[in-house]
Amino acid sequence: MAVFQIDETREEKASRAFLVSVLMGRNYYTDSAEELRLLVTSDGLEPCGLMQAKRDKPDPATYLGSGKIEELKTVAEESGADIVVFDVALSAAQQRNIERTIEKPVLDRTQLILDIFRARAKSREGRLQVELARLEHLSTRLVRGWTHLERQRGGLSKTGGPGEKQIELDRRMIGVRVKQLRDQLKKLARQRGTQRRARTRGDTLTVSLVGYTNAGKSTLFNKLTRASSYAADQLFATLDTTARRCWISDEETVVASDTVGFIRGLPHQLIEAFKSTLDETVHADLLLHVVDVSSNVREDQIREVNAVLEEIEADEIPVILVYNKIDRANLAPEIVRHPDGTPKAVFLSALTGEGLDMLRSAIGEFSAKWREENPNEPRAPEPWEEELEAEHATKTPEEELRYRSAPLIFRGRPLPVRLRR
């Protein structure tokens, strides 16, 4: 049976995009228009106009209402736009109705972010995760677009009764492909879990960097670990989790991991698809929540990141706030402490290196307290180990010596001594 797979060849995209920023109810984001502009630019589109609208609740048919959509059609044509981009998630019916009215393709926030993730995913796991999210999003938007294949007839050179519709075939093939992707991601998740256990075997502290996209996580990660992960002043520059050893002091080394950035309205499909990647955050001992201190909406961004952490069940992990980019805000590096004296926040600049020593000191203080609360005790022996120990305890020294020096036979030949355990 044919397998449904999204064509990864990027088609000739429209270059000019008209932006629509919508404020819904009491939710107000002062940077929503600017953030939409950055998203559109990250997707390779050129913004050519902006319309801002406010509604108490979305219109079921067109989200904005018929009058506003007619106005949108006029201004989009005057601006010479090839495509219209909405800053909200649209239903399949709303998107079709808007496209039918304005006679231009429409892109909503979910599709925009998925497009950016597709372009930025580099590792095999990242590409599989993005494809899974896109297929799950596409499965809710299949429409009757195959009029010449409305129903397929029976085979064997006979005209039988009506068969499957093309949309049913598409749904079935998407289901097959989704199952294949989930199986592959489960296998990769097991490999990642094995690697994580190997890194954390013993009493090594694990630290995960989280935060809003473009807050400077990758730059800070490179400074702390002397790595060369890709870092750029753009949204979603990093999608693939990277883990490295991080020197804190002569007595202390931790494992630090850099994760994908969060954003307001992050599609649920992406969170579900990236669960295996976000497991690095869920299993961390400490989170460094990186915040762009120069942003005017940093408090809103902190709330959005905390909401995602709660969704992936990582909200109970200890957090140190890292206020980055103090060089842009003309602030001095410092450590802010809780009433009990433990580190609460660190002000620094990952770009210039100011305040990095304070962050290392804060991590070292947390690590010392963490070791006191989590002493490295030997694990309980497995049942088979207890049985083996009991068996050896009954042997005399001579019997034990003969047992250990006896040749081991493998496929009829003695096993070399160097390969024996």
# chains A, B, ... in the order shown; residues from 1 in each chain; ligands from 1
>>> residues_around(residues="Val22 of chain A", least_positions_apart="6", cutoff="9 Å", atoms="only C-alpha atoms", output="ChimeraX atom specification")
/A:32-33,51-55,64,86-88
>>> residues_around(residues="segment 279-286 of chain A", least_positions_apart="6", cutoff="8 Å", atoms="only C-alpha atoms", output="CSV table (one decimal) with N, CA and C atoms, in the first residue's frame")
chain,number,residue,atom,x,y,z
A,205,LEU,N,24.9,16.5,38.4
A,205,LEU,CA,23.8,17.4,38.3
A,205,LEU,C,23.4,17.7,36.8
A,206,THR,N,22.2,17.6,36.5
A,206,THR,CA,21.7,17.9,35.1
A,206,THR,C,21.0,19.3,35.1
A,207,VAL,N,21.4,20.1,34.2
A,207,VAL,CA,20.8,21.5,34.1
A,207,VAL,C,20.3,21.7,32.7
A,208,SER,N,19.1,22.2,32.6
A,208,SER,CA,18.4,22.4,31.3
A,208,SER,C,18.1,23.9,31.1
A,209,LEU,N,18.5,24.4,29.9
A,209,LEU,CA,18.2,25.8,29.6
A,209,LEU,C,16.8,25.9,28.9
A,210,VAL,N,15.9,26.7,29.5
A,210,VAL,CA,14.6,26.9,28.8
A,210,VAL,C,14.4,28.4,28.7
A,241,THR,N,17.9,19.3,20.7
A,241,THR,CA,18.5,19.4,22.0
A,241,THR,C,20.0,18.9,21.9
A,257,SER,N,22.0,21.1,29.0
A,257,SER,CA,21.3,20.8,27.8
A,257,SER,C,20.6,22.1,27.3
A,259,THR,N,17.6,23.5,24.8
A,259,THR,CA,16.4,22.9,24.3
A,259,THR,C,15.7,23.9,23.3
A,312,ILE,N,4.0,20.2,30.1
A,312,ILE,CA,4.9,19.0,30.0
A,312,ILE,C,5.3,18.5,31.4
A,313,GLU,N,4.6,19.0,32.4
A,313,GLU,CA,4.8,18.5,33.8
A,313,GLU,C,6.3,18.7,34.3
A,314,ALA,N,6.8,19.9,34.0
A,314,ALA,CA,8.2,20.2,34.5
A,314,ALA,C,8.1,21.4,35.4
A,317,ILE,N,10.2,21.4,39.0
A,317,ILE,CA,11.6,21.4,39.0
A,317,ILE,C,12.2,22.8,39.5
A,318,PRO,N,13.2,22.8,40.3
A,318,PRO,CA,13.8,24.1,40.8
A,318,PRO,C,14.2,24.9,39.6
A,319,VAL,N,14.0,26.3,39.7
A,319,VAL,CA,14.4,27.2,38.6
A,319,VAL,C,15.2,28.3,39.1
A,320,ILE,N,16.2,28.7,38.3
A,320,ILE,CA,16.9,30.0,38.5
A,320,ILE,C,16.7,30.8,37.3
>>> residues_around(residues="Ala76 of chain A", least_positions_apart="6", cutoff="12 Å", atoms="only C-alpha atoms", output="MDAnalysis selection string")
chainID A and resid 16:20 47:51 68:70 82:85 101:106
>>> select_by_dssp(residues="segment 295-373 of chain A", states="alpha helix (DSSP H)", output="JSON list (two decimals) with C-alpha atoms, in the first residue's frame")
[["chain", "number", "residue", "atom", "x", "y", "z"],
["A", 298, "ARG", "CA", 9.38, 39.89, 29.49],
["A", 299, "GLU", "CA", 6.76, 39.22, 32.20],
["A", 300, "ASP", "CA", 4.31, 37.97, 29.56],
["A", 301, "GLN", "CA", 7.04, 35.78, 28.09],
["A", 302, "ILE", "CA", 7.84, 34.33, 31.53],
["A", 303, "ARG", "CA", 4.17, 33.40, 31.98],
["A", 304, "GLU", "CA", 4.05, 31.74, 28.56],
["A", 305, "VAL", "CA", 7.14, 29.63, 29.31],
["A", 306, "ASN", "CA", 5.75, 28.64, 32.72],
["A", 307, "ALA", "CA", 2.50, 27.56, 31.01],
["A", 308, "VAL", "CA", 4.41, 25.24, 28.66],
["A", 309, "LEU", "CA", 6.49, 23.86, 31.55],
["A", 310, "GLU", "CA", 3.25, 23.09, 33.37],
["A", 311, "GLU", "CA", 1.86, 21.34, 30.28],
["A", 326, "ILE", "CA", 21.91, 43.30, 30.32],
["A", 327, "ASP", "CA", 24.24, 45.01, 27.83],
["A", 328, "ARG", "CA", 21.16, 46.18, 25.91],
["A", 329, "ALA", "CA", 19.32, 47.32, 29.04],
["A", 356, "LEU", "CA", 28.83, 34.39, 33.86],
["A", 357, "ASP", "CA", 30.95, 33.79, 36.97],
["A", 358, "MET", "CA", 27.94, 34.73, 39.10],
["A", 359, "LEU", "CA", 25.81, 32.17, 37.25],
["A", 360, "ARG", "CA", 28.44, 29.47, 37.76],
["A", 361, "SER", "CA", 28.54, 30.40, 41.46],
["A", 362, "ALA", "CA", 24.74, 30.17, 41.70],
["A", 363, "ILE", "CA", 24.73, 26.74, 40.04],
["A", 364, "GLY", "CA", 27.53, 25.63, 42.38],
["A", 365, "GLU", "CA", 25.51, 26.72, 45.43],
["A", 366, "PHE", "CA", 22.46, 24.86, 44.21],
["A", 367, "SER", "CA", 24.59, 21.78, 43.43],
["A", 368, "ALA", "CA", 26.05, 21.70, 46.95],
["A", 369, "LYS", "CA", 22.58, 21.82, 48.50],
["A", 370, "TRP", "CA", 21.30, 19.26, 45.98],
["A", 371, "ARG", "CA", 24.06, 16.81, 46.91],
["A", 372, "GLU", "CA", 23.19, 17.11, 50.59],
["A", 373, "GLU", "CA", 19.55, 16.34, 49.85]]
>>> residues_around(residues="segment 218-228 of chain A", least_positions_apart="4", cutoff="9 Å", atoms="only C-alpha atoms", output="ChimeraX atom specification")
/A:209,214,232,237-238,244-248,256-259,290,324,349-351,353,356,360
>>> write_last_selection(atoms="N, CA and C atoms", output="PDB file, in the first residue's frame")
ATOM      1  N   LEU A 209      18.484  24.413  29.928  1.00  0.00           N
ATOM      2  CA  LEU A 209      18.180  25.815  29.609  1.00  0.00           C
ATOM      3  C   LEU A 209      16.841  25.880  28.903  1.00  0.00           C
ATOM      4  N   ASN A 214      14.491  33.169  21.104  1.00  0.00           N
ATOM      5  CA  ASN A 214      15.344  34.342  20.870  1.00  0.00           C
ATOM      6  C   ASN A 214      15.690  35.088  22.163  1.00  0.00           C
ATOM      7  N   ALA A 232      21.737  32.463  16.662  1.00  0.00           N
ATOM      8  CA  ALA A 232      21.470  33.610  15.796  1.00  0.00           C
ATOM      9  C   ALA A 232      20.349  34.439  16.382  1.00  0.00           C
ATOM     10  N   ALA A 237      16.034  29.485  16.334  1.00  0.00           N
ATOM     11  CA  ALA A 237      17.327  29.168  15.724  1.00  0.00           C
ATOM     12  C   ALA A 237      17.759  27.757  16.111  1.00  0.00           C
ATOM     13  N   THR A 238      17.315  27.271  17.285  1.00  0.00           N
ATOM     14  CA  THR A 238      17.693  25.947  17.769  1.00  0.00           C
ATOM     15  C   THR A 238      16.449  25.100  17.942  1.00  0.00           C
ATOM     16  N   ARG A 244      26.003  18.935  26.857  1.00  0.00           N
ATOM     17  CA  ARG A 244      27.455  19.023  26.996  1.00  0.00           C
ATOM     18  C   ARG A 244      27.827  19.103  28.476  1.00  0.00           C
ATOM     19  N   ARG A 245      29.038  18.687  28.786  1.00  0.00           N
ATOM     20  CA  ARG A 245      29.564  18.885  30.141  1.00  0.00           C
ATOM     21  C   ARG A 245      29.898  20.355  30.328  1.00  0.00           C
ATOM     22  N   CYS A 246      29.591  20.840  31.516  1.00  0.00           N
ATOM     23  CA  CYS A 246      29.788  22.267  31.812  1.00  0.00           C
ATOM     24  C   CYS A 246      30.631  22.409  33.071  1.00  0.00           C
ATOM     25  N   TRP A 247      31.763  23.107  32.948  1.00  0.00           N
ATOM     26  CA  TRP A 247      32.642  23.331  34.098  1.00  0.00           C
ATOM     27  C   TRP A 247      32.070  24.431  34.986  1.00  0.00           C
ATOM     28  N   ILE A 248      31.910  24.135  36.253  1.00  0.00           N
ATOM     29  CA  ILE A 248      31.416  25.113  37.226  1.00  0.00           C
ATOM     30  C   ILE A 248      32.543  25.594  38.122  1.00  0.00           C
ATOM     31  N   ALA A 256      24.832  20.180  30.992  1.00  0.00           N
ATOM     32  CA  ALA A 256      23.904  21.224  30.568  1.00  0.00           C
ATOM     33  C   ALA A 256      23.302  20.843  29.211  1.00  0.00           C
ATOM     34  N   SER A 257      22.016  21.138  29.031  1.00  0.00           N
ATOM     35  CA  SER A 257      21.345  20.845  27.752  1.00  0.00           C
ATOM     36  C   SER A 257      20.609  22.084  27.276  1.00  0.00           C
ATOM     37  N   ASP A 258      20.674  22.321  25.972  1.00  0.00           N
ATOM     38  CA  ASP A 258      19.989  23.440  25.327  1.00  0.00           C
ATOM     39  C   ASP A 258      18.772  22.892  24.593  1.00  0.00           C
ATOM     40  N   THR A 259      17.591  23.468  24.815  1.00  0.00           N
ATOM     41  CA  THR A 259      16.353  22.936  24.259  1.00  0.00           C
ATOM     42  C   THR A 259      15.709  23.950  23.324  1.00  0.00           C
ATOM     43  N   VAL A 290      15.937  31.333  30.895  1.00  0.00           N
ATOM     44  CA  VAL A 290      16.597  32.481  30.289  1.00  0.00           C
ATOM     45  C   VAL A 290      15.543  33.478  29.814  1.00  0.00           C
ATOM     46  N   ASN A 324      19.047  37.743  30.770  1.00  0.00           N
ATOM     47  CA  ASN A 324      20.110  37.907  29.784  1.00  0.00           C
ATOM     48  C   ASN A 324      20.003  39.266  29.081  1.00  0.00           C
ATOM     49  N   SER A 349      25.100  38.970  30.773  1.00  0.00           N
ATOM     50  CA  SER A 349      25.090  39.114  29.321  1.00  0.00           C
ATOM     51  C   SER A 349      25.876  37.950  28.736  1.00  0.00           C
ATOM     52  N   ALA A 350      25.176  37.068  28.048  1.00  0.00           N
ATOM     53  CA  ALA A 350      25.857  35.931  27.433  1.00  0.00           C
ATOM     54  C   ALA A 350      26.773  36.385  26.302  1.00  0.00           C
ATOM     55  N   LEU A 351      26.442  37.497  25.672  1.00  0.00           N
ATOM     56  CA  LEU A 351      27.236  37.979  24.539  1.00  0.00           C
ATOM     57  C   LEU A 351      28.585  38.515  24.987  1.00  0.00           C
ATOM     58  N   GLY A 353      29.793  38.197  28.226  1.00  0.00           N
ATOM     59  CA  GLY A 353      30.372  37.383  29.290  1.00  0.00           C
ATOM     60  C   GLY A 353      30.224  37.976  30.672  1.00  0.00           C
ATOM     61  N   LEU A 356      28.774  35.839  34.008  1.00  0.00           N
ATOM     62  CA  LEU A 356      28.827  34.385  33.859  1.00  0.00           C
ATOM     63  C   LEU A 356      29.391  33.716  35.109  1.00  0.00           C
ATOM     64  N   ARG A 360      27.747  30.691  37.355  1.00  0.00           N
ATOM     65  CA  ARG A 360      28.444  29.472  37.763  1.00  0.00           C
ATOM     66  C   ARG A 360      28.410  29.315  39.284  1.00  0.00           C
TER      67      ARG A 360
END
>>> select_by_dssp(residues="segment 330-400 of chain A", states="strand (DSSP E or B)", output="short mmCIF file (atom, residue, chain, number, x, y, z; two decimals) with C-alpha atoms, in the first residue's frame")
data_model
loop_
_atom_site.label_atom_id
_atom_site.label_comp_id
_atom_site.auth_asym_id
_atom_site.auth_seq_id
_atom_site.Cartn_x
_atom_site.Cartn_y
_atom_site.Cartn_z
CA GLU A 334 24.17 40.70 40.01
CA ILE A 335 22.64 37.77 41.90
CA VAL A 336 19.19 38.13 43.46
CA ARG A 337 18.48 35.76 46.36
CA PRO A 343 19.91 32.04 44.38
CA LYS A 344 16.69 33.25 42.73
CA ALA A 345 17.90 35.15 39.66
CA VAL A 346 21.13 36.17 37.91
CA PHE A 347 21.56 39.23 35.69
#
>>> atom_distance(atom1="atom CA of Gly44 of chain A", atom2="atom CA of Ser15 of chain A")
7.4 Å
>>> closest_residue(among="A:Asp108, A:Glu387, A:Asp115, A:Glu354", to="Tyr63 of chain A", atoms="only C-alpha atoms")
A:Asp108
>>> residues_around(residues="Gln180 of chain A", least_positions_apart="2", cutoff="12 Å", atoms="only C-alpha atoms", output="list in words")
Val3, Phe4, Gln5, Leu128, Gln129, Glu131, Leu132, Leu135, Met173, Ile174, Gly175, Val176, Arg177, Val178, Arg182, Asp183, Gln184, Leu185, Lys186 and Lys187 of chain A
>>> closest_residue(among="A:Leu36, A:Val293, A:Ala119, A:Leu270", to="Arg134 of chain A", atoms="only C-alpha atoms")
A:Leu270
>>> atom_distance(atom1="atom CA of Arg141 of chain A", atom2="atom CA of Asp170 of chain A")
11.1 Å
